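Visitor: Shown below is the structure under consideration.
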Amino acid sequence: MKKIITVLVFWLLCHALYAQDKPVRIPDIQNVMEHLYPFQEEELEYESLYEQLLELYQKPLEINTVTIEELIATHLLTPVQAQTLLEYRETIGPFISTYELQSLPTWDSLTLQLILPFLTLETQRLTPTSFLEGLKEGTSNVLMRHRKTWQLREGFRFKDATATSASYLGGPHEWAIRYRNQYPKEHSLGFMLEKDAGEAGIWDPKTNRYGFNFASFHWVRYNFKKWKTLTLGDYQASFGQGLVFGAGFSLGKGAESITSVRRSSRGLLPYTASQEQGFFRGLGVSRSWRNWHCSLLLSSVSKDGRLTNPKDSLDLNATQISSLPMSGLHRTPIELSGKNQVRESNVGGNIHFQPSTAKWTLGVNGLVTQLSLPLHPSPTRYNTFDFSGNKNKVASMYFNYSWKNFMFFGETARSSSAGAGSVIGAIGSLSKSIDLSLAWRKYARNFHSFYATAFSESTQPSNEQGLYLGFQLKPSNNLKFNAYFDFFSFPWLKFRVYAPSKGQEWLARWSYQPNKNTRATLQFKQEKKLRNWNEEEENNRTYQLKNILKSQAHASLTVDLSTKFSFRSQLFWNGVKIAHDPSRGWMLVQAFSYKQSNWKITTSFGLFDTESFDNRIYAYEQNAFGTFAIPAFSGVGSRQYILVHCQIHPKLTVYVRWAQTFYADRASISSGTQTIQGPKQTDTVLVLRYALH
Amino acid sequence: MKLNLFFCFWLVFFSKSVAQSDLSTQAFGAKSYGLGTIKIFHQDAWSLSNNVGAMARIQTTEIGIALDQRYGIQELSTSAIALILKNPIGNLGFSISKQGGDSYQQQRLGIGLAASKGMMHVGAKAEWLQTYIEGFGTGNALLLSFGWLAELHSKFFFGAHLTNLNQATLSRESPLKIPTLLAVGTTYLPTKNLELHSEVEKEVQSPPIFKVGIQYQLERWIFLRTGLTSYPTALYFGIGLYTKNFGLDYALGQSSPLGNTHHLSLHLKR
């Protein structure tokens with residue numbers, strides 16, 4: 001009842017302010033993401049992509065000054081499309097209106113619709129005279145977010161006297177506060193504080209807790225005197241094909257079969273995401289001498305580590321780490337005991353050469369990582385060649401070369417374990433309507449690189465070989481066909497695959513946009529891999545590998561009935577065949593949205609029915625600004641949510657979201673400390689975004 | 001033991017690699033391999049073996065030789081020679097091909113005729129297939145095949161080929177049937193330097209094989225190709241270097257548990 005009242009209050013509030021006729025620009029980043037990655041495997045990586053797009057949305061590319069590399073880095077344009085824009089600008093002159101983009105010969109309406117929110121005509125204002133003036137002139141905003149699951153999870157049940165080592169120490173509220181001040185090509189300044197559900201917000205230096213569980217800060221100055229970039233605090237680096245320095249997301253294979261194979265060198269970037277790993281903390285500098293660009297990175301960051309003392313107790317100093325947890329969750333005493341146990345120090349550098357013709361680039365990377373304690377994971381067959389010890393060195397060379405309507409790229413690296421990794425590829429436009437991409441990679445089983453996001457099937461570029469072929473066809477301006485085919489093999493054992501194995505994957509996608517108000521997509525993906533068969537039987541010490549054939553299909557139709565009202569229907573289907581044992585799952589989602597000048601409401605109702613956990617369905621959902629989650633659904637049940645987005649003041653925007661999942665086939669949801677008694681889970685999100693200036 | 005080996009051998013041949021390794025069903029010429037064993041469209045010296053109907057579109061007399069090397073196994077390697085004579089009545093083709101080594105060998109001798117009528121190009125061929133297996137002697141068979149190619153539009157082609165329509169057996173004494181194969185394919189030429197091919201091929205006892213291939217003419221004399229087949233799943237890459245009268249094609253097939261296949265062919269035009 002409370003929730004309904006809250007929603008009603010907001011609705012009334014919004015309605016009362018209806019008279020204020022200020023259009024709200026509603027970011028549809030989820031749509032773009034869904035376009036890029038229609039099928040999800042795991043959640044974590046996509047959040048970085050969301051952050052990257054969000055960053056781009058908040059700081060759109062200026063059409064009249066944008067470089068080809070920046071355009072390609074969006075992953076929404078092919079090299080030829082980017083080239084066309086630049087050629088047009090050179091021959092015809094600067095763009096006066098975004099409508100001109102429609103006349104670019106290689107651009108189609110589907111592409112245009114996706115890229116438009118990330119482009120702007122505004123050119124840079126006058127350079128501020130001082131940093132303080134820049135701070136005043138820059139756009140700055142504060143974002144506050146609260147999230148909560150309203151059903152009590154098992155971990156919250158026991159407090160104080162009855163608490164066990166698996167009880168949550170904090171409350172069920174999740175808080176995050178972000179501040180960001182930026183001025184394009186001048187500076188970016190921001191911080192973020194976060195506390196997850198179950199984490200206690202207390203000041204206790206003994207357990208490395210200082211209020212919020214995760215705090216991040218960055219300050220970047222661009223083009224300051226002779227320095228190209230000066231960054232302090234948390235940052236990421238992206239050079240070459242991501243074998244040594246990769247920032248953002250690492251998923252190479254998406255529905256954009258052409259653009260997603262190549263990485264762009266984006267240099268030093270501020271880190272603004274809430275994941276508690278994968279960034280450098282310290283100082284990063286970039287400087288240019290004519291065509292040479294040099295960067296230096298220094299970082300020292302505390303990491304979570306699970307400590308073990310060796311059995312031989314004579315050597316008291318021989319404390320080791322058995323694993324480096326990546327979740328960033330510190331809810332229980334056990335999880336907390338691992339917090340900030342290891343210090344990771346990094347020294348890295350990059351030299352990048354680009355001649356003034358910009359036809360080709362060459363570069364070298366180097367990174368030395370030192371852990372304060374040696375990492376020795378408990379030995380198993382499959383992790384024999386994984387990293388162990390306390391020092392890793394990795395160095396690489398990369399190139400980019402444009403020739404006619406082709407673009408070649410590659411990088412080869414070697415880590416101190418003597419393992420090598422290489423990736424090489426090409427993107428080409430064979431005709432106005434046909435594009436092709438090709439990428440080959442080979443990563444040795446003992447190749448170790450901690451900050452890599454290179455093109456690969458596994459999450460890390462290690463123990464893999466593969467060949468990828470992508471294809472794109474645009475028979476007309478409103479129809480697009482994408483497909484890719486990927487062969488891969490894993491020369492050594494993997495988790496749950498106790499023999500060298502092979503696999504393959506392909507995807508086909510049709511996008512059709514008959515007019516401005518209707519969008520339809522149909523896609524199909526199939527993946528064949530091997531997995532251990534008799535892993536459940538404890539006494540059986542031999543493992544047999546069986547084929548897993550996973551087929552997924554997704555159809556969606558979005559129709560804007562009027563400028564205010566739109567609806568969307570989606571159908572997900574999947575079939576998983578393990579050896580000869582098939583299982584299926586499907587989900588049907590219907591969403592409506594209604595938009596007024598300063599508010600928007602989106603509701604969605606979905607039904608799902610999957611036979612097993614292997615059939616789970618990841619469905620993109622609209623969420624509050626700066627918030628991202630792709631829930632996975634398995635079992636039998638229904639899912640509904642309401643999202644209200646309202647600009648109640650020119651400076652203040654509010655997002656409220658209520659979501660509920662109801663399961664018809666179970667009496668409790670989730671497992672372990674996350675267990676919820678009962679078949680229902682309700683989550684809410686509240687986001688306040690205040691634009692300071 | 002020998003008998004078992006014999007049956008195993010043929011079982012593997014007929015069930016697993018029908019499109020790849022049997023002389024009566026495999027594709028010919030490195031151009032075809034570079035495009036993922038596409039057979040229907042090509043108008044070159046190998047038309048007689050791939051799709052006898054397409055042979056009708058050949059403008060000059062042409063001779064070619066082809067070598068296929070599979071996984072470094074002599075028994076699976078092929079060599080072939082083909083000749084097509086331009087003739088006002090209809091193009092006449094001859095081919096000789098050989099596969100195998102000392103203990104197993106297949107030889108094929110083919111003759112075919114193809115003619116055009118408007119947008120239709122039709123051809124038929126007869127082949128004599130000889131199989132030799134050490135310790136079992138020699139079997140002879142006569143295969144009859146038929147193929148056509150239709151030019152539906154200057155940019156769009158459609159065609160089909162039926163191999164061994166008389167359903168011959170390996171020899172008069174053997175009950176083992178030589179595969180009867182139906183291939184149907186389309187070709188789309190969106191621009192002057194681009195060819196898109198797709199094909200589906202079905203043999204009675206195997207799942208259908210889907211193939212797609214792309215050829216891109218980089219320069220007047222360089223052709224780049226790639227293609228893939230669904231069963232067995234394999235990826236192919238090819239390159240063609242042509243002068244006015246002479247041409248060299250090479251293709252690499254990849255992603256088989258056994259390794260790579262290499263295909264080379266040369267042709268000479270009058």
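As shown in the structure tokens, the chain order sets the letters A, B, ...; within each chain, residues go from 1, and ligands are also counted from 1 in the order they appear.
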Among stretch 77-172 of chain B, which residues does DSSP mark as strand (DSSP E or B) when it is run on the backbone? Keep the chain and numbering as in the structure and answer as a PyMOL selection string.

Guide: chain B and resi 78-85+91-100+104-117+120-133+137-153+156-163+169

Visitor: Can you write out as JSON lines which residues of chain B fall within 10 Å of chain A, alongside each residue's closest atom pair and its distance in Å to one decimal, counting only C-alpha atoms and ordering rows by chain and ascending residue number?

Guide:
{"residue": "B:Pro190", "atom": "CA", "partner": "A:Ser431", "partner_atom": "CA", "distance": 8.0}
{"residue": "B:Thr191", "atom": "CA", "partner": "A:Ser431", "partner_atom": "CA", "distance": 7.0}
{"residue": "B:Lys192", "atom": "CA", "partner": "A:Ser431", "partner_atom": "CA", "distance": 9.4}
{"residue": "B:Asn193", "atom": "CA", "partner": "A:Leu430", "partner_atom": "CA", "distance": 8.2}
{"residue": "B:Leu194", "atom": "CA", "partner": "A:Leu430", "partner_atom": "CA", "distance": 7.0}
{"residue": "B:Glu195", "atom": "CA", "partner": "A:Leu430", "partner_atom": "CA", "distance": 9.9}
{"residue": "B:Leu196", "atom": "CA", "partner": "A:Ile434", "partner_atom": "CA", "distance": 10.0}
{"residue": "B:Ile214", "atom": "CA", "partner": "A:Leu436", "partner_atom": "CA", "distance": 9.5}
{"residue": "B:Gln215", "atom": "CA", "partner": "A:Leu430", "partner_atom": "CA", "distance": 9.3}
{"residue": "B:Tyr216", "atom": "CA", "partner": "A:Leu430", "partner_atom": "CA", "distance": 6.7}
{"residue": "B:Gln217", "atom": "CA", "partner": "A:Leu430", "partner_atom": "CA", "distance": 8.8}
{"residue": "B:Leu218", "atom": "CA", "partner": "A:Leu430", "partner_atom": "CA", "distance": 8.8}
{"residue": "B:Thr226", "atom": "CA", "partner": "A:Leu469", "partner_atom": "CA", "distance": 9.0}
{"residue": "B:Gly227", "atom": "CA", "partner": "A:Leu469", "partner_atom": "CA", "distance": 9.3}
{"residue": "B:Leu228", "atom": "CA", "partner": "A:Phe485", "partner_atom": "CA", "distance": 8.8}
{"residue": "B:Thr233", "atom": "CA", "partner": "A:Gln504", "partner_atom": "CA", "distance": 8.7}
{"residue": "B:Ala234", "atom": "CA", "partner": "A:Phe487", "partner_atom": "CA", "distance": 8.7}
{"residue": "B:Leu235", "atom": "CA", "partner": "A:Phe487", "partner_atom": "CA", "distance": 8.5}
{"residue": "B:Gln254", "atom": "CA", "partner": "A:Leu467", "partner_atom": "CA", "distance": 9.5}
{"residue": "B:Ser255", "atom": "CA", "partner": "A:Phe487", "partner_atom": "CA", "distance": 7.4}
{"residue": "B:Pro257", "atom": "CA", "partner": "A:Lys502", "partner_atom": "CA", "distance": 9.0}

Visitor: Mind pulling up the distance from atom CA of B:Thr243 to atom CA of B:Ile222?

Guide: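 Between these atoms lies a distance of 9.3 Å.
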
Visitor: Which residues are close to B:Glu199, i.e. within 7 Å by only C-alpha atoms, leaving aside same-chain residues fewer than 2 positions away? Reply as a ChimeraX atom specification.

Guide: /B:38,183-186,197,201,210-212

Visitor: Quick one: residues within 6 Å of A:Glu194, only C-alpha atoms counted, chain neighbours fewer than 2 positions away excluded, as a list in words?

Guide: Trp175, Ala176, Phe212, Asn213 and Phe214 of chain A

Visitor: Would you mind exporting the chosen residues as a PDB file, in the first residue's frame, restricted to C-alpha atoms?

Guide:
ATOM      1  CA  TRP A 175      23.044   3.544  -0.951  1.00  0.00           C
ATOM      2  CA  ALA A 176      25.126   5.333  -3.503  1.00  0.00           C
ATOM      3  CA  PHE A 212      30.762   3.636   2.920  1.00  0.00           C
ATOM      4  CA  ASN A 213      32.037   0.309   1.691  1.00  0.00           C
ATOM      5  CA  PHE A 214      33.416   1.665  -1.553  1.00  0.00           C
TER       6      PHE A 214
END

Visitor: Could you jot down the atom CA of A:Ser188 to atom CA of A:Leu135 separation for me, Å, one decimal place?

Guide: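 These atoms are spaced 8.9 Å apart.
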
Visitor: Find the residue from B:Ser116, B:Thr229, B:Thr169, B:Gln99 that sits nearest to B:Ile58; use only C-alpha atoms when measuring.

Guide: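 Looking at the shortest contact to B:Ile58, the residue is B:Ser116.
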
Visitor: Find the residues near stretch 270-286 of chain A: any atom within 6 Å, counting only C-alpha atoms, skip ones fewer than 2 places away on the same chain, and give them as a list in words.

Guide: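 Near neighbours after the sequence-gap exclusion: Lys228, Thr229, Leu230, Thr231, Leu232, Gly233, Asp234, Tyr235, Gln236, Cys294, Ser295, Leu296, Leu297, Leu298, Ser299, Ser300, Val301 and Gly328 of chain A.
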
Visitor: Go ahead and write the residues just picked, N, CA and C atoms, as a compact mmCIF listing (two decimals), in the first residue's frame.

Guide:
# COMPACT_ATOMS: atom_id res chain seq x y z
N LYS A 228 48.85 16.27 -22.04
CA LYS A 228 47.60 15.92 -22.71
C LYS A 228 46.56 15.51 -21.68
N THR A 229 46.97 14.67 -20.74
CA THR A 229 46.07 14.22 -19.69
C THR A 229 46.85 14.13 -18.39
N LEU A 230 46.24 14.62 -17.34
CA LEU A 230 46.79 14.45 -16.00
C LEU A 230 45.66 13.87 -15.17
N THR A 231 45.87 12.71 -14.61
CA THR A 231 44.77 12.13 -13.85
C THR A 231 45.23 11.69 -12.46
N LEU A 232 44.39 11.97 -11.51
CA LEU A 232 44.67 11.66 -10.12
C LEU A 232 43.46 10.89 -9.58
N GLY A 233 43.72 9.87 -8.80
CA GLY A 233 42.60 9.10 -8.27
C GLY A 233 42.38 7.85 -9.08
N ASP A 234 41.12 7.50 -9.29
CA ASP A 234 40.81 6.25 -9.97
C ASP A 234 40.69 6.47 -11.47
N TYR A 235 41.36 5.64 -12.21
CA TYR A 235 41.31 5.78 -13.66
C TYR A 235 41.53 4.44 -14.34
N GLN A 236 41.25 4.43 -15.64
CA GLN A 236 41.48 3.25 -16.45
C GLN A 236 42.33 3.64 -17.64
N CYS A 294 53.14 9.72 -25.11
CA CYS A 294 53.65 8.84 -24.07
C CYS A 294 52.77 8.94 -22.83
N SER A 295 52.56 7.82 -22.19
CA SER A 295 51.76 7.79 -20.97
C SER A 295 52.50 7.01 -19.91
N LEU A 296 52.33 7.45 -18.68
CA LEU A 296 52.93 6.76 -17.55
C LEU A 296 51.84 6.53 -16.51
N LEU A 297 51.81 5.34 -15.95
CA LEU A 297 50.78 5.00 -14.98
C LEU A 297 51.43 4.53 -13.68
N LEU A 298 50.98 5.07 -12.57
CA LEU A 298 51.41 4.62 -11.26
C LEU A 298 50.16 4.35 -10.44
N SER A 299 50.12 3.21 -9.81
CA SER A 299 48.90 2.86 -9.10
C SER A 299 49.21 2.01 -7.88
N SER A 300 48.43 2.21 -6.87
CA SER A 300 48.53 1.37 -5.68
C SER A 300 47.13 1.25 -5.11
N VAL A 301 46.61 0.05 -5.07
CA VAL A 301 45.22 -0.11 -4.65
C VAL A 301 45.09 -1.34 -3.75
N GLY A 328 33.33 -7.69 -4.49
CA GLY A 328 33.29 -6.42 -3.79
C GLY A 328 32.25 -6.37 -2.69

Visitor: How would you write, as a PyMOL selection string, the set of residues in stretch 206-282 of chain A that DSSP gives as helix (DSSP H, G or I)?

Guide: chain A and resi 206-207+259-261

Visitor: Could the residues in this selection be saved with C-alpha atoms as a compact mmCIF listing (two decimals), in the first residue's frame?

Guide:
# COMPACT_ATOMS: atom_id res chain seq x y z
CA LYS A 206 40.37 -2.39 12.28
CA THR A 207 38.24 -4.06 9.62
CA THR A 259 32.46 -3.01 -35.02
CA SER A 260 32.69 -5.12 -31.88
CA VAL A 261 35.87 -6.98 -32.88

Visitor: Nearest residue to B:Ser154 out of B:Thr187, B:Gln105, B:His121, B:Tyr231, using only C-alpha atoms?

Guide: B:Thr187

Visitor: Can you tell me which residues surround B:Arg270 at a distance of at most 7 Å, considering only C-alpha atoms, apart from same-chain residues fewer than 4 positions away, and format the answer as an mmCIF file with C-alpha atoms, in the first residue's frame?

Guide:
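Saved the output as out-v9.cif:
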data_model
loop_
_atom_site.group_PDB
_atom_site.id
_atom_site.type_symbol
_atom_site.label_atom_id
_atom_site.label_comp_id
_atom_site.auth_asym_id
_atom_site.auth_seq_id
_atom_site.Cartn_x
_atom_site.Cartn_y
_atom_site.Cartn_z
ATOM 1 C CA THR B 60 36.527 -19.697 -74.006
ATOM 2 C CA THR B 61 38.206 -23.059 -73.984
ATOM 3 C CA GLU B 62 39.841 -23.664 -70.639
ATOM 4 C CA ASN B 245 44.796 -16.124 -69.653
#

Visitor: Pick out the residues sitting within 8 Å of B:Ser49, and hand them over as a ChimeraX atom specification; count only C-alpha atoms, and ignore anything fewer than 6 positions along from it in its own chain.

Guide: /B:27-28,95,110
